[in-house]
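Colleague: Here you go, upload15.txt (compact mmCIF, C-alpha atoms):
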```
# COMPACT_ATOMS: atom_id res chain seq x y z
CA MET A 1 32.80 0.74 -19.85
CA ASN A 2 34.15 -2.78 -19.74
CA THR A 3 32.41 -6.00 -20.72
CA THR A 4 31.56 -6.94 -17.14
CA GLN A 5 29.88 -3.61 -16.52
CA GLN A 6 27.93 -3.94 -19.78
CA ASP A 7 26.84 -7.45 -18.76
CA ASP A 8 25.74 -6.12 -15.37
CA LEU A 9 23.67 -3.36 -16.97
CA GLN A 10 22.14 -5.87 -19.37
CA PHE A 11 21.27 -8.05 -16.38
CA VAL A 12 19.63 -5.10 -14.61
CA ARG A 13 17.63 -4.36 -17.74
CA GLN A 14 16.49 -7.99 -17.90
CA MET A 15 15.42 -7.84 -14.27
CA THR A 16 13.49 -4.62 -14.83
CA GLU A 17 11.71 -6.08 -17.85
CA ALA A 18 10.99 -9.36 -16.04
CA GLY A 19 9.27 -7.45 -13.24
CA ASN A 20 7.44 -5.18 -15.64
CA LYS A 21 6.18 -7.90 -17.96
CA ALA A 22 4.85 -10.27 -15.34
CA PRO A 23 1.75 -12.09 -16.67
CA LEU A 24 -1.64 -11.18 -15.28
CA LEU A 25 -2.91 -13.65 -12.70
CA GLY A 26 -6.63 -12.89 -12.74
CA GLY A 27 -7.61 -15.52 -15.31
CA ARG A 28 -9.16 -17.96 -12.84
CA PHE A 29 -11.27 -15.17 -11.35
CA TYR A 30 -12.57 -14.13 -14.78
CA VAL A 31 -13.48 -17.72 -15.67
CA PHE A 32 -15.04 -18.56 -12.31
CA TRP A 33 -17.16 -15.40 -12.03
CA GLY A 34 -17.93 -15.44 -15.74
CA VAL A 35 -19.34 -18.97 -15.61
CA LEU A 36 -21.16 -18.35 -12.32
CA VAL A 37 -22.72 -15.08 -13.48
CA ALA A 38 -23.68 -16.50 -16.89
CA ILE A 39 -25.46 -19.45 -15.22
CA ALA A 40 -27.18 -17.08 -12.79
CA PHE A 41 -28.34 -14.85 -15.67
CA VAL A 42 -29.82 -17.82 -17.54
CA CYS A 43 -31.64 -18.88 -14.35
CA HIS A 44 -32.82 -15.29 -13.87
CA TRP A 45 -34.16 -15.30 -17.42
CA ALA A 46 -35.93 -18.64 -16.72
CA ILE A 47 -37.71 -17.06 -13.76
CA ALA A 48 -38.46 -13.71 -15.47
CA SER A 49 -39.78 -15.29 -18.67
CA GLU A 50 -42.39 -17.23 -16.63
CA ASN A 51 -41.93 -20.15 -19.02
CA PHE A 52 -41.20 -22.51 -16.17
CA GLY A 53 -43.77 -21.33 -13.62
CA LEU A 54 -41.17 -20.35 -11.04
CA PRO A 55 -42.44 -18.02 -8.28
CA PRO A 56 -40.88 -14.55 -7.71
CA VAL A 57 -39.25 -15.78 -4.48
CA SER A 58 -36.97 -17.77 -6.79
CA TYR A 59 -35.06 -14.54 -7.49
CA ALA A 60 -34.09 -14.26 -3.83
CA VAL A 61 -33.06 -17.92 -3.68
CA LEU A 62 -31.08 -17.64 -6.92
CA TRP A 63 -29.06 -14.57 -5.97
CA SER A 64 -28.54 -15.74 -2.38
CA VAL A 65 -27.08 -19.01 -3.64
CA PHE A 66 -25.02 -17.02 -6.15
CA MET A 67 -23.48 -14.85 -3.42
CA LEU A 68 -22.89 -17.84 -1.16
CA ILE A 69 -21.03 -19.77 -3.87
CA GLY A 70 -19.00 -16.68 -4.71
CA LEU A 71 -18.04 -15.95 -1.11
CA VAL A 72 -17.12 -19.56 -0.33
CA SER A 73 -15.04 -19.94 -3.51
CA MET A 74 -12.99 -16.73 -3.36
CA PRO A 75 -10.51 -17.90 -0.67
CA PHE A 76 -9.69 -20.98 -2.75
CA LEU A 77 -9.17 -18.87 -5.88
CA ILE A 78 -6.93 -16.44 -4.00
CA ARG A 79 -4.97 -19.32 -2.48
CA GLY A 80 -4.24 -20.59 -5.98
CA ILE A 81 -2.21 -17.53 -6.98
CA ARG A 82 -0.31 -16.92 -3.73
CA ARG A 83 2.87 -18.56 -5.09
CA LYS A 84 2.63 -17.26 -8.63
CA PRO A 85 5.49 -15.03 -9.82
CA GLY A 86 4.54 -11.46 -10.62
CA LEU A 87 1.83 -11.11 -7.99
CA GLY A 88 3.37 -7.79 -6.91
CA ALA A 89 3.74 -6.42 -10.45
CA ILE A 90 1.94 -3.18 -11.21
CA GLY A 91 -0.43 -4.88 -13.67
CA ASN A 92 -1.55 -7.44 -11.10
CA ARG A 93 -1.90 -4.87 -8.35
CA ALA A 94 -3.99 -2.65 -10.63
CA GLU A 95 -6.05 -5.66 -11.72
CA GLU A 96 -6.82 -6.58 -8.13
CA VAL A 97 -7.88 -3.07 -7.16
CA VAL A 98 -10.05 -2.23 -10.16
CA TRP A 99 -11.88 -5.56 -10.26
CA THR A 100 -12.43 -5.64 -6.51
CA THR A 101 -13.69 -2.06 -6.51
CA GLY A 102 -15.87 -2.86 -9.52
CA GLY A 103 -17.38 -5.76 -7.60
CA TYR A 104 -18.04 -3.51 -4.61
CA SER A 105 -19.74 -0.92 -6.84
CA VAL A 106 -22.10 -3.60 -8.21
CA PHE A 107 -22.82 -4.84 -4.70
CA ALA A 108 -23.41 -1.28 -3.45
CA TYR A 109 -25.86 -0.54 -6.25
CA ALA A 110 -27.61 -3.89 -5.75
CA ALA A 111 -27.96 -3.31 -2.01
CA GLY A 112 -29.36 0.17 -2.64
CA THR A 113 -31.80 -1.26 -5.16
CA VAL A 114 -33.10 -3.85 -2.70
CA VAL A 115 -33.68 -1.12 -0.11
CA ALA A 116 -35.33 1.16 -2.69
CA VAL A 117 -37.70 -1.55 -3.94
CA ILE A 118 -38.66 -2.89 -0.50
CA PHE A 119 -38.90 0.36 1.48
CA ALA A 120 -39.31 3.19 -1.02
CA GLY A 121 -41.56 1.72 -3.68
CA GLY A 122 -38.82 1.67 -6.26
CA SER A 123 -39.42 0.12 -9.66
CA TYR A 124 -38.40 -3.51 -10.23
CA ASP A 125 -36.65 -2.29 -13.35
CA LEU A 126 -33.97 -0.90 -11.05
CA PHE A 127 -32.77 -4.49 -10.64
CA ASP A 128 -32.15 -4.77 -14.37
CA LEU A 129 -29.94 -1.70 -14.23
CA ILE A 130 -27.53 -3.58 -11.96
CA LEU A 131 -26.28 -5.06 -15.21
CA ALA A 132 -25.44 -1.60 -16.55
CA VAL A 133 -23.37 -0.88 -13.44
CA ALA A 134 -21.66 -4.27 -13.79
CA PHE A 135 -20.82 -3.89 -17.48
CA GLY A 136 -19.66 -0.31 -16.91
CA SER A 137 -17.36 -1.59 -14.16
CA TYR A 138 -16.10 -4.35 -16.45
CA GLY A 139 -15.30 -1.77 -19.12
CA VAL A 140 -13.29 0.41 -16.73
CA ALA A 141 -11.54 -2.61 -15.23
CA PHE A 142 -10.46 -4.01 -18.60
CA MET A 143 -9.18 -0.64 -19.80
CA VAL A 144 -7.18 0.01 -16.64
CA THR A 145 -5.84 -3.54 -16.33
CA GLY A 146 -4.92 -3.70 -20.01
CA THR A 147 -3.11 -0.36 -19.88
CA MET A 148 -1.17 -1.11 -16.70
CA ALA A 149 -0.15 -4.59 -17.88
CA ASN A 150 0.51 -3.60 -21.52
CA GLU A 151 -2.15 -6.08 -22.65
CA THR A 152 -3.67 -4.07 -25.50
CA TRP A 153 -6.06 -6.88 -26.51
CA MET A 154 -8.01 -6.15 -23.32
CA ARG A 155 -9.47 -3.09 -25.03
CA VAL A 156 -11.68 -5.49 -27.02
CA PRO A 157 -13.57 -6.95 -24.02
CA GLY A 158 -13.41 -3.47 -22.49
CA LEU A 159 -15.24 -1.89 -25.42
CA ALA A 160 -17.63 -4.86 -25.62
CA SER A 161 -18.47 -4.31 -21.94
CA LEU A 162 -19.21 -0.63 -22.57
CA LEU A 163 -21.46 -1.55 -25.51
CA ALA A 164 -23.28 -3.99 -23.24
CA CYS A 165 -23.61 -1.19 -20.68
CA ALA A 166 -25.32 0.93 -23.34
CA ALA A 167 -27.63 -1.95 -24.34
CA VAL A 168 -28.99 -2.54 -20.84
CA PRO A 169 -31.33 0.52 -20.67
CA ILE A 170 -32.65 -0.41 -24.13
CA LEU A 171 -33.59 -3.92 -22.99
CA VAL A 172 -34.64 -3.02 -19.45
CA GLY A 173 -37.81 -4.78 -18.33
CA MET A 174 -37.45 -7.52 -20.96
CA PRO A 175 -36.48 -11.03 -19.77
CA VAL A 176 -34.31 -11.49 -22.86
CA LEU A 177 -31.94 -8.93 -21.33
CA TYR A 178 -30.56 -11.70 -19.12
CA LEU A 179 -29.91 -14.07 -22.01
CA VAL A 180 -28.07 -11.31 -23.86
CA ALA A 181 -26.15 -10.54 -20.68
CA ALA A 182 -25.23 -14.21 -20.20
CA ALA A 183 -23.83 -14.41 -23.72
CA THR A 184 -21.97 -11.13 -23.20
CA ILE A 185 -20.41 -12.38 -19.99
CA VAL A 186 -18.98 -15.37 -21.83
CA VAL A 187 -17.33 -12.98 -24.29
CA VAL A 188 -16.07 -10.39 -21.81
CA SER A 189 -15.17 -12.62 -18.88
CA VAL A 190 -14.85 -16.33 -19.64
CA ILE A 191 -12.89 -16.01 -22.89
CA PRO A 192 -10.44 -13.37 -21.55
CA GLY A 193 -10.01 -15.55 -18.48
CA VAL A 194 -9.10 -18.59 -20.56
CA ILE A 195 -6.61 -16.46 -22.54
CA LEU A 196 -4.95 -15.32 -19.30
CA LEU A 197 -4.91 -18.80 -17.80
CA ARG A 198 -3.09 -20.15 -20.86
CA SER A 199 -0.22 -17.73 -20.31
CA GLU A 200 -0.17 -17.99 -16.52
CA PRO A 201 3.16 -19.11 -15.04
CA ALA A 202 3.41 -22.10 -12.71
CA SER A 203 3.48 -21.59 -8.95
CA LEU A 204 6.96 -21.49 -7.44
CA GLU A 205 7.99 -23.44 -4.37
CA GLU A 206 10.50 -22.06 -1.92
CA PRO A 207 13.63 -24.20 -1.54
CA ALA A 208 13.81 -26.03 1.76
CA MET B 1 37.82 7.13 -14.04
CA THR B 2 35.43 9.75 -15.42
CA GLU B 3 36.26 13.30 -14.43
CA GLY B 4 33.79 14.65 -11.90
CA PHE B 5 32.45 11.22 -11.03
CA ASP B 6 32.80 10.23 -7.40
CA PRO B 7 33.04 6.43 -6.98
CA ALA B 8 31.97 6.85 -3.37
CA SER B 9 28.57 7.97 -4.64
CA LEU B 10 27.83 4.35 -5.65
CA ASP B 11 25.99 2.70 -2.78
CA ASP B 12 27.96 -0.40 -1.73
CA ALA B 13 24.83 -2.12 -0.50
CA ILE B 14 23.32 -1.99 -3.99
CA HIS B 15 26.49 -2.05 -6.07
CA GLY B 16 26.69 -5.72 -6.86
CA ARG B 17 25.23 -7.58 -9.81
CA LEU B 18 22.76 -9.71 -7.87
CA ARG B 19 21.71 -7.02 -5.38
CA LEU B 20 21.24 -4.58 -8.22
CA GLY B 21 19.16 -7.14 -10.10
CA VAL B 22 16.98 -7.75 -7.05
CA MET B 23 16.43 -4.02 -6.56
CA ALA B 24 15.61 -3.58 -10.26
CA TYR B 25 13.09 -6.42 -10.12
CA LEU B 26 11.47 -5.15 -6.92
CA HIS B 27 11.26 -1.70 -8.46
CA GLN B 28 8.77 -3.21 -10.93
CA ALA B 29 7.19 -6.03 -8.94
CA ASN B 30 6.90 -5.34 -5.24
CA PRO B 31 6.58 -7.45 -3.15
CA ALA B 32 8.00 -10.65 -4.61
CA SER B 33 8.50 -14.09 -3.14
CA PHE B 34 11.95 -15.54 -2.53
CA ALA B 35 11.23 -18.27 -5.08
CA GLU B 36 10.21 -15.64 -7.63
CA LEU B 37 13.44 -13.68 -7.13
CA LYS B 38 15.45 -16.89 -7.31
CA GLU B 39 13.89 -17.77 -10.64
CA ALA B 40 14.14 -14.24 -12.05
CA THR B 41 17.82 -13.79 -11.13
CA GLY B 42 18.93 -17.36 -11.76
CA ALA B 43 20.84 -17.30 -8.48
CA THR B 44 21.20 -20.21 -6.10
CA GLY B 45 19.13 -20.10 -2.94
CA GLY B 46 22.16 -19.67 -0.69
CA ASN B 47 23.67 -16.88 -2.77
CA LEU B 48 20.38 -15.04 -3.00
CA SER B 49 19.86 -15.35 0.77
CA THR B 50 23.27 -13.82 1.42
CA HIS B 51 22.62 -10.83 -0.81
CA LEU B 52 19.09 -10.33 0.48
CA ARG B 53 20.50 -10.21 3.99
CA LYS B 54 22.89 -7.43 2.95
CA LEU B 55 20.03 -5.43 1.45
CA GLU B 56 17.96 -6.05 4.56
CA GLU B 57 20.78 -4.91 6.85
CA ALA B 58 21.02 -1.72 4.81
CA GLY B 59 17.30 -1.18 5.40
CA TYR B 60 16.46 -1.40 1.70
CA ILE B 61 14.22 -4.46 1.82
CA THR B 62 12.17 -6.41 4.33
CA GLN B 63 11.80 -10.18 4.40
CA THR B 64 8.63 -11.60 5.87
CA LYS B 65 8.59 -15.31 6.55
CA SER B 66 5.25 -17.08 6.73
CA PHE B 67 3.63 -20.40 5.97
CA HIS B 68 1.13 -20.99 3.21
CA GLU B 69 -0.55 -24.39 3.15
CA ARG B 70 2.08 -25.60 5.64
CA ARG B 71 4.95 -24.70 3.34
CA PRO B 72 7.33 -21.76 3.84
CA LEU B 73 6.71 -18.55 1.93
CA THR B 74 9.21 -15.69 2.20
CA THR B 75 7.99 -12.36 0.90
CA VAL B 76 10.56 -9.71 -0.01
CA ALA B 77 9.49 -6.07 -0.22
CA VAL B 78 11.46 -2.95 -1.01
CA THR B 79 11.30 -0.17 1.59
CA GLU B 80 10.99 3.57 0.98
CA ASP B 81 14.69 3.89 1.85
CA GLY B 82 15.40 1.18 -0.69
CA ARG B 83 13.46 2.99 -3.40
CA ALA B 84 15.32 6.20 -2.68
CA ALA B 85 18.70 4.43 -2.62
CA PHE B 86 17.97 2.70 -5.92
CA ALA B 87 16.98 6.01 -7.52
CA ASP B 88 20.20 7.60 -6.20
CA TYR B 89 22.21 4.67 -7.52
CA LEU B 90 20.70 5.00 -10.98
CA ALA B 91 21.39 8.75 -10.92
CA ALA B 92 25.04 8.06 -10.04
CA MET B 93 25.29 5.48 -12.84
CA ARG B 94 23.72 7.92 -15.27
CA GLN B 95 26.34 10.49 -14.30
CA LEU B 96 29.07 7.95 -14.97
CA ILE B 97 27.65 6.89 -18.34
CA ASP B 98 26.94 10.47 -19.47
CA GLY B 99 30.46 11.46 -18.42
CA THR B 100 32.12 8.83 -20.55
CA GLY B 101 29.73 9.27 -23.45
CA GLU B 102 29.38 5.50 -23.66
CA THR B 103 26.25 3.40 -23.51
```
Have the structure of the file written as structure tokens, please.
Modeller:
Amino acid sequence: MNTTQQDDLQFVRQMTEAGNKAPLLGGRFYVFWGVLVAIAFVCHWAIASENFGLPPVSYAVLWSVFMLIGLVSMPFLIRGIRRKPGLGAIGNRAEEVVWTTGGYSVFAYAAGTVVAVIFAGGSYDLFDLILAVAFGSYGVAFMVTGTMANETWMRVPGLASLLACAAVPILVGMPVLYLVAAATIVVVSVIPGVILLRSEPASLEEPA
Amino acid sequence: MTEGFDPASLDDAIHGRLRLGVMAYLHQANPASFAELKEATGATGGNLSTHLRKLEEAGYITQTKSFHERRPLTTVAVTEDGRAAFADYLAAMRQLIDGTGET
């Protein structure tokens, strides 16, 4: 094999590795949802603790505003990564699917809980268990994303999420659950998001 | 030339440094934008366009042109035929390398 052929094979290897090692692009989503959820949990605690005299209808207002902010913001967040290199890499595709599906699972459980409480006399504690579904989903999402993108550090927030999942049934019915959850969200969502954002490549413009 | 190796088994559409590099990249990150491929390969825009056209004519990739925030965005995706052709190409190269005993 001559030098040119060896150079060509080295080039192909570089291309393969460049595609395989594309940085994860979900950092902004982790930070945005982490901050939003943490604030919502603190507000939920403020209502549940009854320290501030807020009526129960405040829960509905709080979570409606939460969903509205989330829905309005998502297109802007998605727009921000459209020109990032590596969007089609396996790690980023896996990240998109597992986190989106995780979000749907939380929404599905929450919707079922609302129906159960309003129409079937379900316990209000069912609402608290939404957090268990969420942290369980976080755990799965971190493990899958970390494995597919070769980001082994993601096992740490993944395991922390699973521990939080286990803690929810222990604290169910106690307002402090939401303060603990808010602090946990900072650890398992905001901090990993900042880590990812720091290594995120710049958007690329197409030549005219 | 290695005994038993048929040079005709190397796909002309892929057999070229830049086209091979594009196929290797898309094998790992699919789809990719034109700008992303340009940065990854280090090619000029004109050269990359020429080679992408050859891959497209062979049916190995698709190029979708769109606008994002009023600026052009070309998305390049490998097709099933392209995946198969790349796998065949690698198999042919492996045969060549194994035959010579070189790495």
Colleague: Can you tell me how far atom CA of B:Asp88 sits from atom CA of B:Leu52, in Å to one decimal?
Modeller: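 So the two atoms, atom CA of B:Asp88 and atom CA of B:Leu52, lie 19.2 Å apart.
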Colleague: Quick one: contact table of chain A to chain B, 10 Å max, nearest atom pair and distance in Å to one decimal per residue, counting all atoms listed in the file, chain and number order, as a Markdown table?
Modeller:
```
| residue | atom | partner | partner_atom | distance |
| --- | --- | --- | --- | --- |
| A:Met1 | CA | B:Glu102 | CA | 7.0 |
| A:Thr4 | CA | B:Arg17 | CA | 9.7 |
| A:Gln5 | CA | B:Arg17 | CA | 9.1 |
| A:Gln6 | CA | B:Thr103 | CA | 8.4 |
| A:Asp7 | CA | B:Arg17 | CA | 9.1 |
| A:Asp8 | CA | B:Arg17 | CA | 5.8 |
| A:Leu9 | CA | B:Arg17 | CA | 8.5 |
| A:Gln10 | CA | B:Gly21 | CA | 9.8 |
| A:Phe11 | CA | B:Gly21 | CA | 6.7 |
| A:Val12 | CA | B:Gly21 | CA | 5.0 |
| A:Arg13 | CA | B:Ala24 | CA | 7.8 |
| A:Gln14 | CA | B:Gly21 | CA | 8.3 |
| A:Met15 | CA | B:Tyr25 | CA | 5.0 |
| A:Thr16 | CA | B:Tyr25 | CA | 5.1 |
| A:Glu17 | CA | B:Tyr25 | CA | 7.9 |
| A:Ala18 | CA | B:Tyr25 | CA | 6.9 |
| A:Gly19 | CA | B:Gln28 | CA | 4.9 |
| A:Asn20 | CA | B:Gln28 | CA | 5.3 |
| A:Lys21 | CA | B:Gln28 | CA | 8.8 |
| A:Ala22 | CA | B:Ala29 | CA | 8.0 |
| A:Arg79 | CA | B:His68 | CA | 8.5 |
| A:Arg82 | CA | B:His68 | CA | 8.2 |
| A:Arg83 | CA | B:Ser33 | CA | 7.4 |
| A:Lys84 | CA | B:Glu36 | CA | 7.8 |
| A:Pro85 | CA | B:Glu36 | CA | 5.2 |
| A:Gly86 | CA | B:Ala29 | CA | 6.3 |
| A:Leu87 | CA | B:Ala32 | CA | 7.1 |
| A:Gly88 | CA | B:Asn30 | CA | 4.6 |
| A:Ala89 | CA | B:Ala29 | CA | 3.8 |
| A:Ile90 | CA | B:Ala29 | CA | 6.4 |
| A:Gly91 | CA | B:Ala29 | CA | 9.0 |
| A:Asn92 | CA | B:Ala29 | CA | 9.1 |
| A:Arg93 | CA | B:Ala29 | CA | 9.2 |
| A:Ser203 | CA | B:Glu36 | CA | 9.1 |
| A:Leu204 | CA | B:Ala35 | CA | 5.8 |
| A:Glu205 | CA | B:Ala35 | CA | 6.1 |
| A:Glu206 | CA | B:Ala35 | CA | 5.0 |
| A:Pro207 | CA | B:Gly45 | CA | 7.0 |
| A:Ala208 | CA | B:Pro72 | CA | 8.0 |
```
Colleague: Counting only C-alpha atoms, which residue out of A:Ile47, A:Leu25, A:Ala120, A:Ile130 sits closest to A:Ile81?
Modeller: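 Selected residue with least distance to A:Ile81: A:Leu25.
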Colleague: Enclose stretch 134-140 of chain A, meaning all of its atoms listed in the file, in a box aligned along x, y and z, pad it by 4 Å on each side, and list the centre and edge lengths in Å to one decimal, as JSON.
Modeller:
```
{"center_x": -17.5, "center_y": -2.0, "center_z": -16.5, "size_x": 16.4, "size_y": 12.8, "size_z": 13.3}
```
Colleague: Here's a test: counting only C-alpha atoms, identify every protein, DNA and RNA residue with an atom at most 7 Å from (-6.2, -5.3, -13.8) in the file's coordinate frame, and state them as a ChimeraX atom specification.
Modeller: /A:91-96,98-99,141-142,144-146
Colleague: Quick one, how far is atom CA of A:Leu179 from atom CA of A:Val194?
Modeller: 21.3 Å
Colleague: So how far away is atom CA of A:Trp153 from atom CA of A:Leu129, in Å?
Modeller: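 The value is 27.3 Å.
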Colleague: What lies within 10 Å of B:Gly59 using all atoms listed in the file, ignoring chain neighbours under 3 positions off, as a list in words?
Modeller: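 The residues satisfying every condition are Ala13, Arg53, Lys54, Leu55, Glu56, Thr62, Val78, Thr79, Glu80, Asp81, Gly82 and Ala85 of chain B.
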Colleague: Leaving out A:Tyr30 and any residue of its chain fewer than 3 positions from it, which residues lie within 8 Å of it when counting all atoms listed in the file, given as a PDB file with C-alpha atoms, keeping the file's coordinate frame?
Modeller:
```
ATOM      1  CA  GLY A  26      -6.630 -12.890 -12.740  1.00  0.00           C
ATOM      2  CA  GLY A  27      -7.610 -15.520 -15.310  1.00  0.00           C
ATOM      3  CA  TRP A  33     -17.160 -15.400 -12.030  1.00  0.00           C
ATOM      4  CA  GLY A  34     -17.930 -15.440 -15.740  1.00  0.00           C
ATOM      5  CA  SER A 189     -15.170 -12.620 -18.880  1.00  0.00           C
ATOM      6  CA  VAL A 190     -14.850 -16.330 -19.640  1.00  0.00           C
ATOM      7  CA  PRO A 192     -10.440 -13.370 -21.550  1.00  0.00           C
ATOM      8  CA  GLY A 193     -10.010 -15.550 -18.480  1.00  0.00           C
TER       9      GLY A 193
END
```
Colleague: Counting only C-alpha atoms, what is within 10 Å of A:Ser58, bar same-chain residues fewer than 6 positions away, as number ranges by chain?
Modeller: A: 43-44, 47-48, 64
Colleague: Go ahead and dump the residues you just picked, C-alpha atoms, as a PDB file, keeping the file's coordinate frame.
Modeller:
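Produced file again.pdb, reproduced below:
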```
ATOM      1  CA  CYS A  43     -31.640 -18.880 -14.350  1.00  0.00           C
ATOM      2  CA  HIS A  44     -32.820 -15.290 -13.870  1.00  0.00           C
ATOM      3  CA  ILE A  47     -37.710 -17.060 -13.760  1.00  0.00           C
ATOM      4  CA  ALA A  48     -38.460 -13.710 -15.470  1.00  0.00           C
ATOM      5  CA  SER A  64     -28.540 -15.740  -2.380  1.00  0.00           C
TER       6      SER A  64
END
```
Colleague: Just checking: using all atoms listed in the file, which residue out of A:Phe29, A:Tyr178, A:Trp63, A:Phe127 ends up closest to A:Pro75?
Modeller: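 For A:Pro75, the nearest of the candidates is A:Phe29.
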Colleague: So, with all atoms listed in the file as the atoms that count, which of A:Ile185, A:Ala134, A:Leu77, A:Leu159 lies closest to A:Ile39?
Modeller: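 Of A:Ile185, A:Ala134, A:Leu77, A:Leu159, the one nearest A:Ile39 is A:Ile185, counting all atoms listed in the file.
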